[in-house]
Amino acid sequence: MLSADEVAKLVSEVTERVIMRVGSPSDDPAAGPPRTLGETLDETLWWEQERLREQDPNDEETLADKQFYADLHRQLQHANALEQRRLLQQIVHRYTHEIAGNFSPTVYKLAAKVAPPMLSALLTGLSPRRLFGREAIPRLDQHVIIEGEVDNLERLRERGTLVVTPTHSSNLDSLLIGFAVHELGLPPLTYGAGLSLFRNPIVGKFMHNLGAYTVDRRKRDPLYKQTLKAFASVSLEFGQDNLFFPGGSRSRSGAIERGLKKGLLGCSVSAYRNNLMRGKPNPDIYVVPCTISYPLVLEASTLIEDWLAEVGKSRYIIVDDEFSRWERWLDFLRGMFALDLKIHIRFGRAMDPFGNPVDAAGTSLDPKGRPISARGYFEVDGEVVEDPARDAEYTRELERRILAEFSRQNVIHPTHVLAFACFELLRRAQPEFDLYRLLSSIGAGRSEQSLALPEVEEEIELLLEELERRFAAGQIRLSSVVTEAITNDDVAVLLRAALRSFGTYHPKPVVERRGVRLHVCDAKLLFYYRNRLDGYALRDAPALASFTGPGGARHV
Amino acid sequence: MSDTRAAQVSVLGAGNWGTTIAHLIGQNGFTVKLWARKQELADEINQLRRNSRYISGLEGVQLSANIVATASLAEAVRGVPLVFIVIPSQAFRSVCEQLGELVEPSQLAVHATKGLELGTYKRMTEIMLEETCLRRIGVLSGPNIAREMIEGKPAGTVVASRFPRVIELARAHLKSRQLRVYANTDVVGVELGGTLKNIIAIAAGMATQMQLGENAKSLLITRGLSEVARLGVALGADPMTFSGLAGIGDLMVTCASPISRNHRVGAALARGMNLTEAINSLGMVAEGVKASKIAFELTNQLNIRSPLIHGVYRVVHEGLDPRAALSELMDAAVQDDIDPSLVRAANGSPPRGPHGG
């Protein structure tokens, strides 16, 4: 954690950096030609006033913002270059303060006193006796499996700065990573959390404990985004271990990320470069991909609805989902505990900012495992130099390698296997249907679709054979029940586990057994859970991408 | 010789094209290291300024005095900021394996090898990434007949890389009053253009031998390019690349020049030889023979319509009579002049198909 003094330094460094940038070409080739000072100010004014128009006019914050921009507008009319610079400084400073707002060390200390070790506290807080009645208070640590390449993290953290980059399915993710990091004996990670999380009735007051700073996704002003990016970079350069969800937002389709946000990811590259150029001690940045695999996802219904509603144009900011409703949390946790379900947090191999694996001592390795000096990638004639086009390319490669690691570290649960098998059978039965027609032909409130049990079992068996091969080749991970089903050649054990899970949390069972038939009661959720196995070319199934028209969907 | 100045560039591979590249760089006044597998060849280049194995019959042409040939790969590679790799595709991986022990992240590399790896379908830059720590890499390709370039005739070529510095540095060494060096960022397209055109060249060789006339040849080149571009786009290339020097440019020169190996293989097949006889008569394997097999498999896998490539494949690898192949092509259904998939790709929408979307 940063001291008050360091926070002040961070804020001024970010401000300075953003202001220096204005008027010079951006790292992001998509950003177009550089804007002048005046243009930047006009742009901010436009975006912010546009945003404020949609806010509650009686909200105090909105009123203050409106006042601020009205003043700005007035002053801008006759401002000379010098005054323009001063105004810009004001805006960036304001943005930075707002972002760092929840970073306040005093708040952190207070919260730390009131509720130490943050997540255990949160989770005991979440399962108060009055909610669980006479049931024993469950302990989350028994339901979260932390695994993978965790042994080196402590040492790497001492040698450099960590950037943990997990897959993102649920708002629980950041809490779980916080929990995992605590369990591993590491200090909290710095993390940009959406404003809605801070305002969430359930977890809002714990967010400070997670080392979170604020990201206001409603602010679409490019200057704000630049400030955010600078904030992440500077905090990395200050040696703050960071947590980014590189996919940007929760996967709507249920699939593993197919593309990452290059802006934020690029911070690892630029922070390392800046550290080297400034001769910082411990300049290394280590990117640690990580998967979080749930047998059931708290917000599954909302997410898949959003994906289907308008593929590619989803709402992006969802504030009113299961995550903010006590009873959904309770049902979810109840289900998890009653069925003894496990969430897997799996850390992958740590990489340098170029995507090369690093060994326990933090040394970068080439594709054949030979040690290399990674700083060379920045060098021209022995000097580390800036080159935005080059670094954008390194970021692309980093993205590719993180995605490959996600795919390898994805842990498959029985629910995914059953959903994939059922969906595949239904799809094959109606090859001429497009996705929407297929989904609406299954259930959708009218007729449920049923499948003969033996047929499903056979499909699962074939699927397991393929999964076993992929597991042996190190291409995917399997949860203990799936492994058990494969080792004992026992489809029944998997089927039972999946059906119980599907029957427990969601309002309607996703799939239900009636006699010798399986009934699909929620086609959308079936599709959602099926998607976790997308992209592995299993059973010759078409990829999710082929279901969507031109334009595609996020995370597809 | 100018050993006094440390070389800032090296060329790996002292074949026909590698030697030519080293010569061009040398003529521009740069000391350039040239790696030859055999010590005798290195000695011959250093002492006699000649490469009799690969470049012969050029009266009065002496290789540049700035070339320092060596048979030691380590000596050629260590500490050199820019490395050109000009190794035949079948030996490319094994040389890269050795290179992996020698290179460092600070080095830049450009390959000038046309072809894909058999079995894996991998491009040469993919092999470089798999075998070495090199990242700032690129490809050199274009309508470049080595012999003409050694003779000092004017030409243009393309350097493609995602890294501007790679293009800049390669261009600084290569450009001259004789050679224009164009830049491209589409590495995939430039690599594929240089590889797939060899298949069409085989067809051109057959057409020449069968005396089908110039109209037919133009038909063949144009439709051939369309097939090459379709497959290229499906593999991630930019369709516009195929209208550049590394696409149509390279295709034109290969189809026009009767001395090209692929052209000669096509002609031999049309004279009634089988593949083994054709290869024996040539003394070496033409790249298009391999490429037609790879392209045949890929187009089947990706479900891409390519009658011409399939025709060449069947003549080369299945012994189909070239005349039968021709009549099949002439009888096949006629499609749009400009393929819809290319129009889509040129308009910026992603290619459809099993891998697109």
# chains A, B, ... in the order shown; residues from 1 in each chain; ligands from 1
call {"tool": "residues_around", "arguments": {"residues": "Ile442 of chain A", "least_positions_apart": "3", "cutoff": "12 Å", "atoms": "only C-alpha atoms", "output": "ChimeraX atom specification"}}
result
/A:422-423,425-427,429-430,433,435-439,445-451,510-511,519-527
call {"tool": "write_last_selection", "arguments": {"atoms": "N, CA and C atoms", "output": "compact mmCIF listing (two decimals), in the first residue's frame"}}
result
# COMPACT_ATOMS: atom_id res chain seq x y z
N CYS A 422 -25.24 -31.66 -24.56
CA CYS A 422 -26.65 -31.45 -24.89
C CYS A 422 -26.80 -30.46 -26.04
N PHE A 423 -26.05 -29.37 -25.97
CA PHE A 423 -26.19 -28.35 -27.00
C PHE A 423 -25.78 -28.92 -28.36
N LEU A 425 -25.90 -32.03 -29.38
CA LEU A 425 -26.93 -32.95 -29.88
C LEU A 425 -28.10 -32.16 -30.47
N LEU A 426 -28.51 -31.11 -29.78
CA LEU A 426 -29.64 -30.32 -30.27
C LEU A 426 -29.28 -29.59 -31.55
N ARG A 427 -28.05 -29.10 -31.61
CA ARG A 427 -27.63 -28.38 -32.81
C ARG A 427 -27.56 -29.31 -34.02
N ALA A 429 -29.23 -31.88 -34.50
CA ALA A 429 -30.56 -32.31 -34.92
C ALA A 429 -31.23 -31.27 -35.82
N GLN A 430 -30.77 -30.02 -35.74
CA GLN A 430 -31.37 -28.93 -36.54
C GLN A 430 -30.27 -28.16 -37.26
N PHE A 433 -30.78 -24.54 -38.64
CA PHE A 433 -31.18 -23.42 -37.79
C PHE A 433 -29.99 -22.52 -37.46
N LEU A 435 -28.42 -19.65 -34.71
CA LEU A 435 -28.37 -19.75 -33.25
C LEU A 435 -29.69 -19.34 -32.60
N TYR A 436 -30.24 -18.21 -33.06
CA TYR A 436 -31.43 -17.68 -32.41
C TYR A 436 -32.62 -18.61 -32.58
N ARG A 437 -32.72 -19.14 -33.78
CA ARG A 437 -33.82 -20.06 -34.04
C ARG A 437 -33.64 -21.33 -33.21
N LEU A 438 -32.40 -21.76 -33.13
CA LEU A 438 -32.11 -22.97 -32.36
C LEU A 438 -32.48 -22.75 -30.90
N LEU A 439 -32.03 -21.62 -30.33
CA LEU A 439 -32.31 -21.37 -28.92
C LEU A 439 -33.81 -21.22 -28.67
N GLY A 445 -39.94 -21.19 -22.70
CA GLY A 445 -41.22 -21.02 -22.05
C GLY A 445 -42.31 -21.91 -22.61
N ARG A 446 -42.16 -22.28 -23.88
CA ARG A 446 -43.21 -23.11 -24.48
C ARG A 446 -42.88 -24.58 -24.24
N SER A 447 -42.35 -25.22 -25.24
CA SER A 447 -42.08 -26.64 -25.06
C SER A 447 -40.62 -26.84 -24.66
N GLU A 448 -40.37 -27.68 -23.71
CA GLU A 448 -39.01 -28.03 -23.37
C GLU A 448 -38.52 -29.07 -24.35
N GLN A 449 -37.21 -29.05 -24.51
CA GLN A 449 -36.64 -30.02 -25.43
C GLN A 449 -36.10 -31.17 -24.60
N SER A 450 -36.38 -32.37 -24.99
CA SER A 450 -35.81 -33.46 -24.21
C SER A 450 -34.92 -34.34 -25.07
N LEU A 451 -33.98 -34.96 -24.39
CA LEU A 451 -33.01 -35.83 -25.06
C LEU A 451 -33.00 -37.17 -24.33
N VAL A 510 -31.15 -25.84 -15.43
CA VAL A 510 -30.70 -25.71 -16.81
C VAL A 510 -31.05 -26.99 -17.58
N VAL A 511 -30.69 -28.12 -16.94
CA VAL A 511 -31.06 -29.42 -17.50
C VAL A 511 -31.60 -30.26 -16.33
N HIS A 519 -34.35 -33.14 -19.74
CA HIS A 519 -35.08 -32.00 -20.27
C HIS A 519 -34.24 -30.75 -20.15
N VAL A 520 -34.11 -30.03 -21.27
CA VAL A 520 -33.41 -28.76 -21.22
C VAL A 520 -34.44 -27.69 -20.90
N CYS A 521 -34.32 -27.08 -19.73
CA CYS A 521 -35.33 -26.12 -19.30
C CYS A 521 -34.88 -24.67 -19.55
N ASP A 522 -33.58 -24.45 -19.71
CA ASP A 522 -33.11 -23.09 -19.98
C ASP A 522 -32.04 -23.13 -21.08
N ALA A 523 -32.49 -22.88 -22.29
CA ALA A 523 -31.61 -23.02 -23.45
C ALA A 523 -30.48 -22.01 -23.41
N LYS A 524 -30.78 -20.78 -22.96
CA LYS A 524 -29.75 -19.75 -22.97
C LYS A 524 -28.62 -20.08 -22.02
N LEU A 525 -29.00 -20.58 -20.83
CA LEU A 525 -27.96 -20.95 -19.88
C LEU A 525 -27.19 -22.18 -20.36
N LEU A 526 -27.90 -23.07 -21.04
CA LEU A 526 -27.22 -24.23 -21.61
C LEU A 526 -26.12 -23.74 -22.56
N PHE A 527 -26.49 -22.79 -23.37
CA PHE A 527 -25.56 -22.20 -24.33
C PHE A 527 -24.41 -21.51 -23.60
call {"tool": "closest_atom_pairs", "arguments": {"of": "chain B", "to": "chain A", "cutoff": "6 Å", "atoms": "only C-alpha atoms", "output": "Markdown table"}}
result
| residue | atom | partner | partner_atom | distance |
| --- | --- | --- | --- | --- |
| B:Pro105 | CA | A:Gly376 | CA | 4.8 |
| B:Ser106 | CA | A:Gly376 | CA | 4.1 |
| B:Glu130 | CA | A:Pro367 | CA | 6.0 |
| B:Cys133 | CA | A:Asp366 | CA | 5.0 |
| B:Phe163 | CA | A:Arg390 | CA | 5.5 |
| B:Gly357 | CA | A:Ala545 | CA | 5.3 |
call {"tool": "closest_residue", "arguments": {"among": "B:Asp238, B:Glu214, B:Asp43, B:Glu168", "to": "Val190 of chain B", "atoms": "only C-alpha atoms"}}
result
B:Asp238
call {"tool": "closest_residue", "arguments": {"among": "B:Leu12, B:Ala204, B:Ile150, B:Ala91", "to": "Pro258 of chain B", "atoms": "only C-alpha atoms"}}
result
B:Ala204
call {"tool": "atom_distance", "arguments": {"atom1": "atom CA of Arg252 of chain A", "atom2": "atom CA of Trp307 of chain A"}}
result
5.3 Å
call {"tool": "closest_residue", "arguments": {"among": "A:Asp241, A:Glu399, A:Asp359, A:Asp284", "to": "Leu265 of chain A", "atoms": "only C-alpha atoms"}}
result
A:Glu399
call {"tool": "closest_residue", "arguments": {"among": "A:His506, A:Gly204, A:Leu52, A:Asp490", "to": "Thr302 of chain A", "atoms": "only C-alpha atoms"}}
result
A:His506
call {"tool": "select_by_dssp", "arguments": {"residues": "segment 57-102 of chain B", "states": "helix (DSSP H, G or I)", "output": "list in words"}}
result
Leu73, Ala74, Glu75, Ala76, Val77, Ser89, Gln90, Ala91, Phe92, Arg93, Ser94, Val95, Cys96, Glu97, Gln98, Leu99 and Gly100 of chain B
call {"tool": "residues_around", "arguments": {"residues": "Arg273 of chain A", "least_positions_apart": "3", "cutoff": "9 Å", "atoms": "only C-alpha atoms", "output": "CSV table (one decimal) with C-alpha atoms, in the first residue's frame"}}
result
chain,number,residue,atom,x,y,z
A,268,SER,CA,3.1,-3.6,-18.7
A,269,VAL,CA,5.3,-3.0,-21.7
A,270,SER,CA,5.6,0.8,-21.3
A,276,LEU,CA,14.7,0.7,-17.7
A,277,MET,CA,15.1,4.1,-19.2
A,278,ARG,CA,15.0,5.7,-15.7
A,283,PRO,CA,12.6,-2.8,-13.1
A,375,ARG,CA,15.7,-5.5,-22.2
A,378,PHE,CA,13.9,-2.2,-26.5
A,384,VAL,CA,16.7,1.5,-24.6
A,385,VAL,CA,14.6,3.7,-26.8
A,386,GLU,CA,10.9,4.7,-27.1
call {"tool": "residues_around", "arguments": {"residues": "Leu102 of chain B", "least_positions_apart": "6", "cutoff": "7 Å", "atoms": "only C-alpha atoms", "output": "PDB file with all heavy atoms, in the first residue's frame"}}
result
ATOM      1  N   ALA B  74      28.271 -18.841 -35.891  1.00  0.00           N
ATOM      2  CA  ALA B  74      28.439 -17.974 -34.719  1.00  0.00           C
ATOM      3  C   ALA B  74      29.122 -16.672 -35.117  1.00  0.00           C
ATOM      4  O   ALA B  74      28.697 -15.579 -34.740  1.00  0.00           O
ATOM      5  CB  ALA B  74      29.240 -18.682 -33.642  1.00  0.00           C
ATOM      6  N   VAL B  77      26.823 -14.345 -36.972  1.00  0.00           N
ATOM      7  CA  VAL B  77      25.627 -13.831 -36.313  1.00  0.00           C
ATOM      8  C   VAL B  77      25.909 -12.926 -35.110  1.00  0.00           C
ATOM      9  O   VAL B  77      25.251 -11.912 -34.909  1.00  0.00           O
ATOM     10  CB  VAL B  77      24.748 -15.021 -35.854  1.00  0.00           C
ATOM     11  CG1 VAL B  77      23.660 -14.556 -34.912  1.00  0.00           C
ATOM     12  CG2 VAL B  77      24.142 -15.714 -37.066  1.00  0.00           C
ATOM     13  N   ARG B  78      26.913 -13.302 -34.320  1.00  0.00           N
ATOM     14  CA  ARG B  78      27.146 -12.620 -33.040  1.00  0.00           C
ATOM     15  C   ARG B  78      27.387 -11.129 -33.199  1.00  0.00           C
ATOM     16  O   ARG B  78      28.206 -10.702 -33.995  1.00  0.00           O
ATOM     17  CB  ARG B  78      28.354 -13.245 -32.333  1.00  0.00           C
ATOM     18  CG  ARG B  78      28.048 -14.619 -31.778  1.00  0.00           C
ATOM     19  CD  ARG B  78      28.200 -14.652 -30.250  1.00  0.00           C
ATOM     20  NE  ARG B  78      27.566 -15.842 -29.702  1.00  0.00           N
ATOM     21  CZ  ARG B  78      28.211 -17.013 -29.566  1.00  0.00           C
ATOM     22  NH1 ARG B  78      29.468 -17.121 -29.931  1.00  0.00           N
ATOM     23  NH2 ARG B  78      27.573 -18.042 -29.054  1.00  0.00           N
TER      24      ARG B  78
END
call {"tool": "closest_residue", "arguments": {"among": "B:Ala155, B:Ala234, B:Ala256, B:Leu245", "to": "Gln301 of chain B", "atoms": "only C-alpha atoms"}}
result
B:Ala234
call {"tool": "atom_distance", "arguments": {"atom1": "atom CA of Leu88 of chain A", "atom2": "atom CA of Ala70 of chain A"}}
result
14.5 Å
call {"tool": "closest_residue", "arguments": {"among": "B:Leu99, B:Leu275, B:Ala345, B:Leu326", "to": "Leu212 of chain B", "atoms": "only C-alpha atoms"}}
result
B:Leu326
call {"tool": "select_by_dssp", "arguments": {"residues": "segment 108-304 of chain B", "states": "strand (DSSP E)", "output": "PyMOL selection string"}}
result
chain B and resi 108-111+137-141+155-161+179-184
call {"tool": "atom_distance", "arguments": {"atom1": "atom CA of Glu149 of chain A", "atom2": "atom CA of Leu243 of chain A"}}
result
16.6 Å
call {"tool": "residues_around", "arguments": {"residues": "Val159 of chain B", "least_positions_apart": "3", "cutoff": "9 Å", "atoms": "only C-alpha atoms", "output": "MDAnalysis selection string"}}
result
chainID B and resid 110 138:142 166:167 170:171 181:185 187 190
call {"tool": "write_last_selection", "arguments": {"atoms": "N, CA, C and O atoms", "output": "compact mmCIF listing (two decimals), in the first residue's frame"}}
result
# COMPACT_ATOMS: atom_id res chain seq x y z
N VAL B 110 15.56 -10.42 -41.03
CA VAL B 110 14.66 -10.44 -42.18
C VAL B 110 14.98 -11.70 -42.97
O VAL B 110 16.14 -11.97 -43.27
N GLY B 138 11.12 -9.74 -40.07
CA GLY B 138 10.36 -9.37 -41.25
C GLY B 138 10.72 -10.26 -42.41
O GLY B 138 11.44 -11.26 -42.25
N VAL B 139 10.18 -9.92 -43.58
CA VAL B 139 10.39 -10.75 -44.77
C VAL B 139 10.71 -9.85 -45.97
O VAL B 139 10.17 -8.75 -46.09
N LEU B 140 11.60 -10.35 -46.81
CA LEU B 140 11.95 -9.67 -48.06
C LEU B 140 11.43 -10.52 -49.21
O LEU B 140 11.69 -11.72 -49.26
N SER B 141 10.66 -9.92 -50.10
CA SER B 141 10.10 -10.69 -51.20
C SER B 141 9.74 -9.76 -52.35
O SER B 141 9.55 -8.56 -52.14
N GLY B 142 9.64 -10.33 -53.54
CA GLY B 142 9.28 -9.50 -54.68
C GLY B 142 9.78 -10.10 -55.97
O GLY B 142 10.35 -11.19 -55.97
N VAL B 166 12.62 -2.45 -38.37
CA VAL B 166 13.14 -3.54 -39.22
C VAL B 166 13.16 -3.09 -40.68
O VAL B 166 14.16 -3.26 -41.39
N ILE B 167 12.07 -2.47 -41.10
CA ILE B 167 11.97 -2.01 -42.48
C ILE B 167 13.02 -0.93 -42.75
O ILE B 167 13.75 -0.98 -43.74
N ALA B 170 16.58 -2.51 -42.85
CA ALA B 170 16.77 -3.35 -44.03
C ALA B 170 16.87 -2.46 -45.27
O ALA B 170 17.74 -2.64 -46.13
N ARG B 171 16.01 -1.48 -45.33
CA ARG B 171 16.00 -0.57 -46.47
C ARG B 171 17.32 0.20 -46.56
O ARG B 171 17.90 0.35 -47.63
N VAL B 181 13.12 -0.18 -52.53
CA VAL B 181 12.67 -1.06 -51.46
C VAL B 181 11.37 -0.51 -50.88
O VAL B 181 11.34 0.54 -50.28
N TYR B 182 10.28 -1.23 -51.12
CA TYR B 182 8.96 -0.79 -50.67
C TYR B 182 8.62 -1.42 -49.32
O TYR B 182 9.06 -2.53 -49.03
N ALA B 183 7.83 -0.70 -48.53
CA ALA B 183 7.49 -1.19 -47.19
C ALA B 183 6.08 -1.77 -47.16
O ALA B 183 5.18 -1.32 -47.88
N ASN B 184 5.87 -2.76 -46.32
CA ASN B 184 4.53 -3.32 -46.10
C ASN B 184 4.48 -3.81 -44.65
O ASN B 184 5.51 -4.19 -44.10
N THR B 185 3.29 -3.76 -44.04
CA THR B 185 3.18 -4.29 -42.68
C THR B 185 2.52 -5.67 -42.67
O THR B 185 2.41 -6.31 -41.65
N VAL B 187 2.94 -9.00 -43.10
CA VAL B 187 3.95 -10.05 -43.19
C VAL B 187 3.35 -11.32 -43.79
O VAL B 187 3.94 -11.95 -44.67
N VAL B 190 2.79 -11.00 -47.65
CA VAL B 190 4.04 -10.99 -48.42
C VAL B 190 4.66 -12.39 -48.44
O VAL B 190 5.14 -12.86 -49.47
